[in-house]
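Some notes on the structure that comes next.
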Amino acid sequence: MPNTAGGPPDVIIIGAGIIGACTAAYLQQQGARVTLIDRQTPGDDGAASFGNAGSLSPSSVVPTPAPGMLTKVPGWLFKEDGPLTIRWSYLPKLLPWLIGFIRAGGDVAHQRRASAALAALHAPTFDFHCALARDVGVPELIAPVEYLHVYGSEASYAGAERDWTMRREHGADFEVLDRGGLREAEPDLASHYVKGVRIRGQGRTLNPGRLVRAYVERVVANGGRLLRAEVTDIDVSGNRVSAVRTGDGTIEGDAFVLSAGAFSRKLTDRLGLGLPLDTERGYHVTCPDPGITVSHTVMEADNKFVANPMAMGVRFAGMVEMAGVDAPANPRRAEVIKRLAKRMYPKLRLDGATQWMGRRPSMPDGLPVIGPSPRHENLWLAFGHGHTGMVAGPMTGRIVAGMITGPMPNIDVTPFRADRF
Ligand SMILES: Cc1cc2nc3c(=O)[nH]c(=O)nc-3n(C[C@H](O)[C@H](O)[C@H](O)COP(=O)(O)OP(=O)(O)OC[C@H]3O[C@@H](n4cnc5c(N)ncnc54)[C@H](O)[C@@H]3O)c2cc1C
């Protein structure tokens with residue numbers, strides 16, 4: 001898409017989290033002039049991309065809405081240490097999303113399609129991140145790892161059979177460990193875990209916020225612009241976006257990308273797009289002096305949180321809290337993570353631990369929106385990556401850059417279309 005004078009297009013990207021940063025990097029590689037707009041320093045703690053668990057697992061192919069949600073969810077909601085909470089005052093607003101989520105979980109055909117779509121989006125994550133990180137001078141922020149799922153009972157392991165079948169179908173290379181195997185793999189892990197599954201060939205980042213900042217800094221060093229401003233509205237003329245409005249003025253461009261994570265909905269609602277984006281908020285606790293060794297990315301499968309060794313210490317991250325984007329963090333959720341982490345690693349030291357809440361941008365069907373706006377010929381949407389935005393960032397960036405400037409990567413983008421809702 002050249003500009004009106006036949007030169008490279010001016011692309012305005014709203015939001016410089018992992019999705020905006022990757023999109024900017026690939027657009028720039030393909031010759032576009034890029035402006036990133038973010039209301040905070042890219043990679044800082046207001047972005048989900050700052051404090052996530054840092055897993056770059058191509059085998060994350062199990063869609064979040066899963067069968068049996070209707071029977072499992074009530075049990076989780078009334079368990080103090082449970083992985084899911086809903087702020088009840090938010091329920092009326094959440095209800096349409098929740099219904100869509102439960103419906104997607106019960107639709108077997110959708111599950112298969114969504115899993116295949118996620119597999120294609122996630123497959124190249126490690127290679128793409130390695131190449132980007134090397135280009136921007138931070139190769140040490142990406143590392144290979146084995147991903148270990150641990151189960152506290154045979155029953156919970158048996159309950160995950162469908163997920164492992166799905167992962168196997170999409171090429172995951174894994175082995176099942178018994179109690180003894182677990183002891184050898186993770187000696188500091190509590191002894192009550194009876195089963196583990198170790199997936200080979202996975203990746204992780206040692207500092208997701210720093211990684212995003214490095215991607216953006218290189219875009220700027222290569223001549224891109226970074227504006228620190230909040231986008232408050234989008235101006236439309238006919239079926240084209242003409243400019244975005246910020247507190248500091250109006251910014252015009254040839255093409256626009258909306259990648260503002262969970263906050264994208266504030267702008268899509270203003271455009272009347274009616275997209276059901278909500279947020280699954282999550283929490284982390286990072287232990288700078290943990291007193292334990294964690295050698296894998298470890299998923300505590302019963303309580304659905306991850307332990308990952310990072311540059312800042314060992315990070316425990318997880319939980320889903322449905323409370324909307326604006327509600328303040330609930331420190332009790334981080335306390336629950338601390339309790340569960342200590343149960344997982346009894347020798348864990350929590351001294352100096354930091355805690356954080358972040359907003360996963362989530363669509364009810366478990367797939368992101370990547371592609372053109374149904375109503376605007378020069379606006380592209382890239383949000384809703386839920387639990388796996390770090391994994392999906394590079395391929396999403398390639399897709400959006402391909403749609404704007406070409407060439408397109410070899411992937412079926414139909415499952416990600418915005419007009420599926
Ligand atoms: C606890 C937790 C653990 C997770 N673990 C993993 C994991 O291990 N692996 C994985 O792949 N994913 C993980 N995720 C999910 C992942 O973090 C997200 O999917 C991803 O970061 C979303 O990236 P984004 O760029 O869409 O949004 P964000 O990172 O939220 O970025 C959006 C940016 O837009 C800016 N913005 C918003 N509105 C405006 C506006 N109006 N004007 C200007 N700027 C604006 C924000 O300031 C922000 O910088 C986890 C998430 C959480 C919460």
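Identifiers for the structure tokens are assigned positionally: chains receive A, B, ... in sequence, residues are indexed from 1 per chain, and ligands are indexed from 1 in the order shown.
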Need to verify the contact set: range 323-334 of chain A, 7 Å, only C-alpha atoms, exclusion of same-chain residues closer than 2 positions in sequence. Can you return it as a PDB file with N, CA and C atoms, in the first residue's frame?
ATOM      1  N   ILE A  86     -14.284 -13.529  39.592  1.00  0.00           N
ATOM      2  CA  ILE A  86     -15.065 -12.525  38.862  1.00  0.00           C
ATOM      3  C   ILE A  86     -15.462 -11.445  39.859  1.00  0.00           C
ATOM      4  N   ARG A  87     -15.216 -10.191  39.517  1.00  0.00           N
ATOM      5  CA  ARG A  87     -15.721  -9.120  40.385  1.00  0.00           C
ATOM      6  C   ARG A  87     -17.208  -8.997  40.066  1.00  0.00           C
ATOM      7  N   TYR A  90     -18.985  -6.475  38.073  1.00  0.00           N
ATOM      8  CA  TYR A  90     -18.659  -6.399  36.646  1.00  0.00           C
ATOM      9  C   TYR A  90     -19.456  -7.415  35.820  1.00  0.00           C
ATOM     10  N   ALA A 262      -5.633  -4.705  25.791  1.00  0.00           N
ATOM     11  CA  ALA A 262      -6.986  -4.758  26.361  1.00  0.00           C
ATOM     12  C   ALA A 262      -7.709  -3.419  26.249  1.00  0.00           C
ATOM     13  N   ASP A 278     -12.505  -8.314  25.926  1.00  0.00           N
ATOM     14  CA  ASP A 278     -12.510  -8.026  27.370  1.00  0.00           C
ATOM     15  C   ASP A 278     -11.123  -8.346  27.911  1.00  0.00           C
ATOM     16  N   THR A 279     -10.979  -8.325  29.209  1.00  0.00           N
ATOM     17  CA  THR A 279      -9.663  -8.620  29.736  1.00  0.00           C
ATOM     18  C   THR A 279      -9.709  -9.714  30.792  1.00  0.00           C
ATOM     19  N   TYR A 283      -1.833 -11.905  37.449  1.00  0.00           N
ATOM     20  CA  TYR A 283      -0.918 -11.354  38.455  1.00  0.00           C
ATOM     21  C   TYR A 283       0.423 -12.063  38.390  1.00  0.00           C
ATOM     22  N   HIS A 284       1.466 -11.344  38.812  1.00  0.00           N
ATOM     23  CA  HIS A 284       2.731 -12.052  39.006  1.00  0.00           C
ATOM     24  C   HIS A 284       3.337 -11.686  40.354  1.00  0.00           C
ATOM     25  N   VAL A 285       4.196 -12.590  40.810  1.00  0.00           N
ATOM     26  CA  VAL A 285       5.053 -12.331  41.969  1.00  0.00           C
ATOM     27  C   VAL A 285       6.446 -12.728  41.503  1.00  0.00           C
ATOM     28  N   GLU A 321      -8.677 -12.959  36.491  1.00  0.00           N
ATOM     29  CA  GLU A 321      -9.629 -12.140  37.249  1.00  0.00           C
ATOM     30  C   GLU A 321     -10.429 -11.324  36.240  1.00  0.00           C
ATOM     31  N   VAL A 336      -2.387 -14.889  47.002  1.00  0.00           N
ATOM     32  CA  VAL A 336      -2.729 -16.280  46.670  1.00  0.00           C
ATOM     33  C   VAL A 336      -1.579 -16.909  45.878  1.00  0.00           C
ATOM     34  N   ILE A 337      -1.032 -16.153  44.911  1.00  0.00           N
ATOM     35  CA  ILE A 337       0.102 -16.696  44.133  1.00  0.00           C
ATOM     36  C   ILE A 337       1.267 -17.023  45.084  1.00  0.00           C
ATOM     37  N   LYS A 338       1.522 -16.116  46.026  1.00  0.00           N
ATOM     38  CA  LYS A 338       2.645 -16.368  46.956  1.00  0.00           C
ATOM     39  C   LYS A 338       2.415 -17.672  47.722  1.00  0.00           C
ATOM     40  N   GLN A 355       5.184  -7.543  43.150  1.00  0.00           N
ATOM     41  CA  GLN A 355       3.950  -8.074  42.579  1.00  0.00           C
ATOM     42  C   GLN A 355       3.330  -7.087  41.604  1.00  0.00           C
ATOM     43  N   MET A 357      -0.154  -6.549  38.532  1.00  0.00           N
ATOM     44  CA  MET A 357      -1.364  -7.022  37.841  1.00  0.00           C
ATOM     45  C   MET A 357      -1.307  -6.543  36.394  1.00  0.00           C
ATOM     46  N   ARG A 359      -3.239  -6.867  32.244  1.00  0.00           N
ATOM     47  CA  ARG A 359      -4.524  -7.133  31.566  1.00  0.00           C
ATOM     48  C   ARG A 359      -4.300  -7.891  30.264  1.00  0.00           C
TER      49      ARG A 359
END
*Skipping near chain neighbours, those fewer than 4 positions away, what residues fall within 10 Å of Gly261 in chain A using only C-alpha atoms, listed as a PyMOL selection string?*
chain A and resi 14-20+47-49+265+277-279+359-362+382-386+389
*Enumerate as a PyMOL selection string all residues of range 320-387 of chain A assigned to strand (DSSP E) by DSSP on the backbone, naming them with the chain letters and numbers the document uses.*
chain A and resi 320-322+354-362+369-372+379-383
Who sits within 10 Å of Val306 in chain A, only C-alpha atoms, same chain under 6 positions skipped, as an mmCIF file with C-alpha atoms, in the first residue's frame:
data_model
loop_
_atom_site.group_PDB
_atom_site.id
_atom_site.type_symbol
_atom_site.label_atom_id
_atom_site.label_comp_id
_atom_site.auth_asym_id
_atom_site.auth_seq_id
_atom_site.Cartn_x
_atom_site.Cartn_y
_atom_site.Cartn_z
ATOM 1 C CA ASN A 52 3.888 -11.741 31.834
ATOM 2 C CA ALA A 53 5.419 -15.156 32.475
ATOM 3 C CA GLY A 54 7.748 -14.839 29.486
ATOM 4 C CA SER A 55 6.921 -18.205 27.997
ATOM 5 C CA TYR A 147 8.292 -26.670 29.437
ATOM 6 C CA LEU A 148 7.237 -28.892 32.339
ATOM 7 C CA HIS A 149 3.575 -29.274 33.345
ATOM 8 C CA HIS A 284 2.731 -12.052 39.006
ATOM 9 C CA THR A 297 9.299 -23.214 32.613
ATOM 10 C CA VAL A 298 7.012 -25.002 35.066
ATOM 11 C CA MET A 299 3.231 -24.927 34.710
ATOM 12 C CA GLU A 300 1.423 -25.777 37.940
ATOM 13 C CA ARG A 315 8.597 -15.218 38.412
ATOM 14 C CA PHE A 316 5.318 -16.902 39.342
ATOM 15 C CA ALA A 317 2.506 -15.690 37.091
ATOM 16 C CA GLY A 318 -1.062 -16.664 36.437
ATOM 17 C CA MET A 319 -4.648 -16.267 37.710
ATOM 18 C CA ILE A 337 0.102 -16.696 44.133
ATOM 19 C CA ALA A 341 4.229 -20.759 44.979
#
*Would you mind reading off the distance between CA of Ser242 in chain A and CA of Asp254 in chain A, one decimal, in Å?*
7.6 Å
Tell me which protein, DNA and RNA residues are within 10 Å of Leu70 in chain A, counting only C-alpha atoms, leaving out same-chain ones fewer than 3 positions away, and put them as a PDB file with N, CA and C atoms, in the first residue's frame.
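Output (out-v9.pdb):
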ATOM      1  N   ALA A  66     -12.586 -23.889  27.059  1.00  0.00           N
ATOM      2  CA  ALA A  66     -12.435 -25.346  26.961  1.00  0.00           C
ATOM      3  C   ALA A  66     -13.742 -26.039  27.327  1.00  0.00           C
ATOM      4  N   PRO A  67     -13.911 -27.277  26.855  1.00  0.00           N
ATOM      5  CA  PRO A  67     -15.118 -28.013  27.223  1.00  0.00           C
ATOM      6  C   PRO A  67     -15.184 -28.195  28.743  1.00  0.00           C
ATOM      7  N   VAL A  73     -16.113 -24.052  36.379  1.00  0.00           N
ATOM      8  CA  VAL A  73     -16.025 -22.656  36.808  1.00  0.00           C
ATOM      9  C   VAL A  73     -16.644 -22.407  38.190  1.00  0.00           C
ATOM     10  N   PRO A  74     -17.855 -22.907  38.491  1.00  0.00           N
ATOM     11  CA  PRO A  74     -18.425 -22.625  39.807  1.00  0.00           C
ATOM     12  C   PRO A  74     -17.495 -23.068  40.948  1.00  0.00           C
ATOM     13  N   GLY A  75     -16.851 -24.225  40.789  1.00  0.00           N
ATOM     14  CA  GLY A  75     -15.929 -24.720  41.820  1.00  0.00           C
ATOM     15  C   GLY A  75     -14.761 -23.761  42.003  1.00  0.00           C
ATOM     16  N   ILE A 102     -18.167 -19.549  26.978  1.00  0.00           N
ATOM     17  CA  ILE A 102     -18.694 -20.877  27.323  1.00  0.00           C
ATOM     18  C   ILE A 102     -19.145 -21.603  26.053  1.00  0.00           C
ATOM     19  N   ARG A 103     -19.764 -20.838  25.158  1.00  0.00           N
ATOM     20  CA  ARG A 103     -20.221 -21.434  23.897  1.00  0.00           C
ATOM     21  C   ARG A 103     -19.015 -21.957  23.089  1.00  0.00           C
ATOM     22  N   GLY A 105     -16.174 -22.889  24.211  1.00  0.00           N
ATOM     23  CA  GLY A 105     -15.614 -24.050  24.908  1.00  0.00           C
ATOM     24  C   GLY A 105     -16.380 -25.333  24.597  1.00  0.00           C
ATOM     25  N   GLY A 106     -17.667 -25.191  24.332  1.00  0.00           N
ATOM     26  CA  GLY A 106     -18.491 -26.377  24.088  1.00  0.00           C
ATOM     27  C   GLY A 106     -18.549 -26.782  22.626  1.00  0.00           C
TER      28      GLY A 106
END
*Do a neighbour search on Ile199 in chain A at 12 Å with only C-alpha atoms, toss out local chain neighbours closer than 2 positions, and write the hits as a ChimeraX atom specification.*
/A:57-60,144-150,164,167-168,171-177,196-197,201-203,296-299
Quick one: write out the picked residues with N, CA and C atoms as a PDB file, in the first residue's frame?
ATOM      1  N   SER A  57       6.173 -20.434  24.023  1.00  0.00           N
ATOM      2  CA  SER A  57       5.953 -21.851  23.774  1.00  0.00           C
ATOM      3  C   SER A  57       5.121 -22.071  22.515  1.00  0.00           C
ATOM      4  N   PRO A  58       5.739 -22.589  21.453  1.00  0.00           N
ATOM      5  CA  PRO A  58       4.956 -22.855  20.245  1.00  0.00           C
ATOM      6  C   PRO A  58       3.880 -23.910  20.488  1.00  0.00           C
ATOM      7  N   SER A  59       4.029 -24.686  21.554  1.00  0.00           N
ATOM      8  CA  SER A  59       3.039 -25.727  21.848  1.00  0.00           C
ATOM      9  C   SER A  59       1.831 -25.208  22.623  1.00  0.00           C
ATOM     10  N   SER A  60       1.736 -23.894  22.797  1.00  0.00           N
ATOM     11  CA  SER A  60       0.535 -23.319  23.421  1.00  0.00           C
ATOM     12  C   SER A  60      -0.568 -23.289  22.368  1.00  0.00           C
ATOM     13  N   PRO A 144      16.328 -21.003  24.866  1.00  0.00           N
ATOM     14  CA  PRO A 144      15.550 -22.239  24.729  1.00  0.00           C
ATOM     15  C   PRO A 144      15.242 -22.800  26.110  1.00  0.00           C
ATOM     16  N   VAL A 145      14.174 -23.541  26.215  1.00  0.00           N
ATOM     17  CA  VAL A 145      13.815 -24.122  27.511  1.00  0.00           C
ATOM     18  C   VAL A 145      12.921 -25.330  27.275  1.00  0.00           C
ATOM     19  N   GLU A 146      12.836 -26.204  28.251  1.00  0.00           N
ATOM     20  CA  GLU A 146      11.829 -27.268  28.218  1.00  0.00           C
ATOM     21  C   GLU A 146      10.688 -26.849  29.141  1.00  0.00           C
ATOM     22  N   TYR A 147       9.485 -27.151  28.710  1.00  0.00           N
ATOM     23  CA  TYR A 147       8.292 -26.670  29.437  1.00  0.00           C
ATOM     24  C   TYR A 147       7.718 -27.865  30.183  1.00  0.00           C
ATOM     25  N   LEU A 148       7.670 -27.765  31.511  1.00  0.00           N
ATOM     26  CA  LEU A 148       7.237 -28.892  32.339  1.00  0.00           C
ATOM     27  C   LEU A 148       5.881 -28.584  32.979  1.00  0.00           C
ATOM     28  N   HIS A 149       4.886 -29.403  32.681  1.00  0.00           N
ATOM     29  CA  HIS A 149       3.575 -29.274  33.345  1.00  0.00           C
ATOM     30  C   HIS A 149       3.563 -30.252  34.515  1.00  0.00           C
ATOM     31  N   VAL A 150       3.201 -29.794  35.707  1.00  0.00           N
ATOM     32  CA  VAL A 150       3.207 -30.709  36.855  1.00  0.00           C
ATOM     33  C   VAL A 150       1.804 -30.853  37.433  1.00  0.00           C
ATOM     34  N   TRP A 164      -3.314 -32.783  25.833  1.00  0.00           N
ATOM     35  CA  TRP A 164      -2.076 -33.399  25.346  1.00  0.00           C
ATOM     36  C   TRP A 164      -2.277 -34.005  23.957  1.00  0.00           C
ATOM     37  N   ARG A 167      -1.955 -31.072  21.658  1.00  0.00           N
ATOM     38  CA  ARG A 167      -0.553 -30.646  21.492  1.00  0.00           C
ATOM     39  C   ARG A 167       0.200 -31.634  20.609  1.00  0.00           C
ATOM     40  N   ARG A 168      -0.067 -32.925  20.818  1.00  0.00           N
ATOM     41  CA  ARG A 168       0.626 -33.937  20.001  1.00  0.00           C
ATOM     42  C   ARG A 168       0.247 -33.759  18.531  1.00  0.00           C
ATOM     43  N   GLY A 171       2.342 -31.372  16.810  1.00  0.00           N
ATOM     44  CA  GLY A 171       3.787 -31.586  16.731  1.00  0.00           C
ATOM     45  C   GLY A 171       4.563 -31.459  18.023  1.00  0.00           C
ATOM     46  N   ALA A 172       3.882 -31.300  19.181  1.00  0.00           N
ATOM     47  CA  ALA A 172       4.637 -31.183  20.432  1.00  0.00           C
ATOM     48  C   ALA A 172       5.394 -32.481  20.696  1.00  0.00           C
ATOM     49  N   ASP A 173       6.647 -32.318  21.106  1.00  0.00           N
ATOM     50  CA  ASP A 173       7.513 -33.466  21.385  1.00  0.00           C
ATOM     51  C   ASP A 173       7.645 -33.547  22.909  1.00  0.00           C
ATOM     52  N   PHE A 174       6.907 -34.482  23.526  1.00  0.00           N
ATOM     53  CA  PHE A 174       6.933 -34.497  25.004  1.00  0.00           C
ATOM     54  C   PHE A 174       7.076 -35.892  25.581  1.00  0.00           C
ATOM     55  N   GLU A 175       7.468 -35.926  26.850  1.00  0.00           N
ATOM     56  CA  GLU A 175       7.578 -37.202  27.575  1.00  0.00           C
ATOM     57  C   GLU A 175       6.873 -37.051  28.916  1.00  0.00           C
ATOM     58  N   VAL A 176       6.341 -38.170  29.415  1.00  0.00           N
ATOM     59  CA  VAL A 176       5.636 -38.163  30.698  1.00  0.00           C
ATOM     60  C   VAL A 176       6.623 -38.592  31.787  1.00  0.00           C
ATOM     61  N   LEU A 177       6.633 -37.835  32.900  1.00  0.00           N
ATOM     62  CA  LEU A 177       7.530 -38.148  34.013  1.00  0.00           C
ATOM     63  C   LEU A 177       6.725 -38.636  35.210  1.00  0.00           C
ATOM     64  N   GLY A 196       4.335 -35.485  35.682  1.00  0.00           N
ATOM     65  CA  GLY A 196       4.780 -34.313  34.942  1.00  0.00           C
ATOM     66  C   GLY A 196       4.805 -34.633  33.458  1.00  0.00           C
ATOM     67  N   VAL A 197       4.687 -33.603  32.637  1.00  0.00           N
ATOM     68  CA  VAL A 197       4.876 -33.804  31.198  1.00  0.00           C
ATOM     69  C   VAL A 197       5.865 -32.733  30.740  1.00  0.00           C
ATOM     70  N   GLY A 201      11.935 -28.327  23.135  1.00  0.00           N
ATOM     71  CA  GLY A 201      11.941 -27.368  22.025  1.00  0.00           C
ATOM     72  C   GLY A 201      11.077 -26.130  22.240  1.00  0.00           C
ATOM     73  N   GLN A 202      11.007 -25.627  23.475  1.00  0.00           N
ATOM     74  CA  GLN A 202      10.221 -24.419  23.755  1.00  0.00           C
ATOM     75  C   GLN A 202      11.170 -23.238  23.994  1.00  0.00           C
ATOM     76  N   GLY A 203      10.598 -22.063  24.191  1.00  0.00           N
ATOM     77  CA  GLY A 203      11.442 -20.895  24.417  1.00  0.00           C
ATOM     78  C   GLY A 203      10.923 -20.047  25.562  1.00  0.00           C
ATOM     79  N   HIS A 296      13.203 -25.365  34.440  1.00  0.00           N
ATOM     80  CA  HIS A 296      12.277 -25.394  33.313  1.00  0.00           C
ATOM     81  C   HIS A 296      11.347 -24.191  33.431  1.00  0.00           C
ATOM     82  N   THR A 297      10.522 -23.982  32.399  1.00  0.00           N
ATOM     83  CA  THR A 297       9.299 -23.214  32.613  1.00  0.00           C
ATOM     84  C   THR A 297       8.332 -24.234  33.193  1.00  0.00           C
ATOM     85  N   VAL A 298       7.829 -23.979  34.400  1.00  0.00           N
ATOM     86  CA  VAL A 298       7.012 -25.002  35.066  1.00  0.00           C
ATOM     87  C   VAL A 298       5.570 -24.514  35.203  1.00  0.00           C
ATOM     88  N   MET A 299       4.661 -25.241  34.599  1.00  0.00           N
ATOM     89  CA  MET A 299       3.231 -24.927  34.710  1.00  0.00           C
ATOM     90  C   MET A 299       2.623 -25.755  35.840  1.00  0.00           C
TER      91      MET A 299
END
Please produce, as CSV, a per-residue contact table for range 302-382 of chain A versus range 225-237 of chain A (criterion: any atom at most 12 Å away, only C-alpha atoms considered), showing the nearest atom pair and its distance in Å to one decimal, sorted by chain then residue number.
residue,atom,partner,partner_atom,distance
A:Arg375,CA,A:Val236,CA,10.2
A:His376,CA,A:Val236,CA,8.3
A:Glu377,CA,A:Val236,CA,10.7
A:Asn378,CA,A:Val236,CA,10.3
A:Leu379,CA,A:Val236,CA,10.1
Saved selection, atoms kept: C-alpha atoms, as a PDB file, in the first residue's frame:
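Contents of the output file result27.pdb:
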ATOM      1  CA  ARG A 375     -15.550  -0.841   8.091  1.00  0.00           C
ATOM      2  CA  HIS A 376     -12.330   1.023   7.309  1.00  0.00           C
ATOM      3  CA  GLU A 377     -10.069   0.294   4.379  1.00  0.00           C
ATOM      4  CA  ASN A 378      -6.870   1.681   5.944  1.00  0.00           C
ATOM      5  CA  LEU A 379      -7.259   0.487   9.559  1.00  0.00           C
TER       6      LEU A 379
END
*For Asp412 in chain A, list every protein, DNA or RNA residue within 12 Å, evaluated using only C-alpha atoms, and leave out those in the same chain fewer than 2 positions away; present the list as a ChimeraX atom specification.*
/A:113-114,116-121,370-371,395-396,399,408-410,414-417
Mind dumping the selected residues with N, CA and C atoms as a compact mmCIF listing (two decimals), in the first residue's frame?
# COMPACT_ATOMS: atom_id res chain seq x y z
N ARG A 113 -10.52 -26.03 15.02
CA ARG A 113 -10.08 -24.94 14.12
C ARG A 113 -9.18 -23.96 14.88
N ALA A 114 -9.60 -23.62 16.09
CA ALA A 114 -8.85 -22.62 16.86
C ALA A 114 -7.46 -23.15 17.22
N ALA A 116 -5.69 -25.31 15.52
CA ALA A 116 -4.85 -25.27 14.30
C ALA A 116 -4.40 -23.84 14.01
N ALA A 117 -5.31 -22.88 14.24
CA ALA A 117 -4.95 -21.47 13.98
C ALA A 117 -3.85 -21.01 14.94
N LEU A 118 -3.99 -21.39 16.21
CA LEU A 118 -2.96 -21.00 17.19
C LEU A 118 -1.62 -21.67 16.86
N ALA A 119 -1.69 -22.93 16.43
CA ALA A 119 -0.45 -23.64 16.10
C ALA A 119 0.30 -22.90 14.99
N ALA A 120 -0.42 -22.43 13.97
CA ALA A 120 0.24 -21.73 12.86
C ALA A 120 0.79 -20.37 13.31
N LEU A 121 0.04 -19.71 14.18
CA LEU A 121 0.47 -18.39 14.66
C LEU A 121 1.70 -18.49 15.57
N ILE A 370 -6.80 -10.24 14.07
CA ILE A 370 -5.66 -9.75 13.28
C ILE A 370 -6.17 -9.55 11.86
N GLY A 371 -6.21 -8.29 11.43
CA GLY A 371 -6.67 -8.07 10.06
C GLY A 371 -7.35 -6.74 9.91
N MET A 395 4.63 -13.32 14.66
CA MET A 395 3.82 -13.71 13.48
C MET A 395 2.70 -12.69 13.27
N THR A 396 2.13 -12.17 14.36
CA THR A 396 1.10 -11.13 14.20
C THR A 396 1.69 -9.92 13.49
N ILE A 399 2.07 -10.62 9.86
CA ILE A 399 0.80 -10.64 9.13
C ILE A 399 0.35 -9.20 8.85
N MET A 408 2.89 -11.22 2.17
CA MET A 408 2.20 -11.90 3.26
C MET A 408 2.95 -13.16 3.66
N PRO A 409 3.05 -13.44 4.97
CA PRO A 409 3.60 -14.75 5.36
C PRO A 409 2.64 -15.86 4.97
N ASN A 410 3.15 -17.06 4.94
CA ASN A 410 2.35 -18.20 4.50
C ASN A 410 1.50 -18.71 5.67
N THR A 414 -7.85 -16.42 7.94
CA THR A 414 -9.32 -16.41 8.09
C THR A 414 -9.77 -16.52 9.56
N PRO A 415 -9.15 -17.40 10.37
CA PRO A 415 -9.67 -17.54 11.75
C PRO A 415 -9.54 -16.27 12.59
N PHE A 416 -8.70 -15.32 12.13
CA PHE A 416 -8.45 -14.14 12.95
C PHE A 416 -9.25 -12.92 12.51
N ARG A 417 -10.07 -13.09 11.47
CA ARG A 417 -10.79 -11.94 10.91
C ARG A 417 -11.70 -11.29 11.94
_Just checking: using only C-alpha atoms, which residue out of A:Gly43, A:Pro63, A:Pro139, A:Pro372 ends up closest to Asp163 in chain A?_
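The answer is A:Pro63, which sits nearest to Asp163 in chain A.
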*Which is closer to ligand 1 than all the others in A:Thr388, A:Thr41, A:Thr35, A:Asn207, using only C-alpha atoms and all ligand atoms?*
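For ligand 1, the nearest of the candidates is A:Thr388.
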*Selection: 7 Å around Ile12 in chain A, only C-alpha atoms, excl. self and same-chain fewer than 2 positions, as a PyMOL selection string*: chain A and resi 10+14+34-36+253+255-257
*Per DSSP on the backbone, filter range 100-295 of chain A down to the residues in helix (DSSP H, G or I) and report them as number ranges by chain.*
A: 100-106, 108-122, 125-135, 139-141, 154-159, 161-169, 179-185, 208-221, 261-270
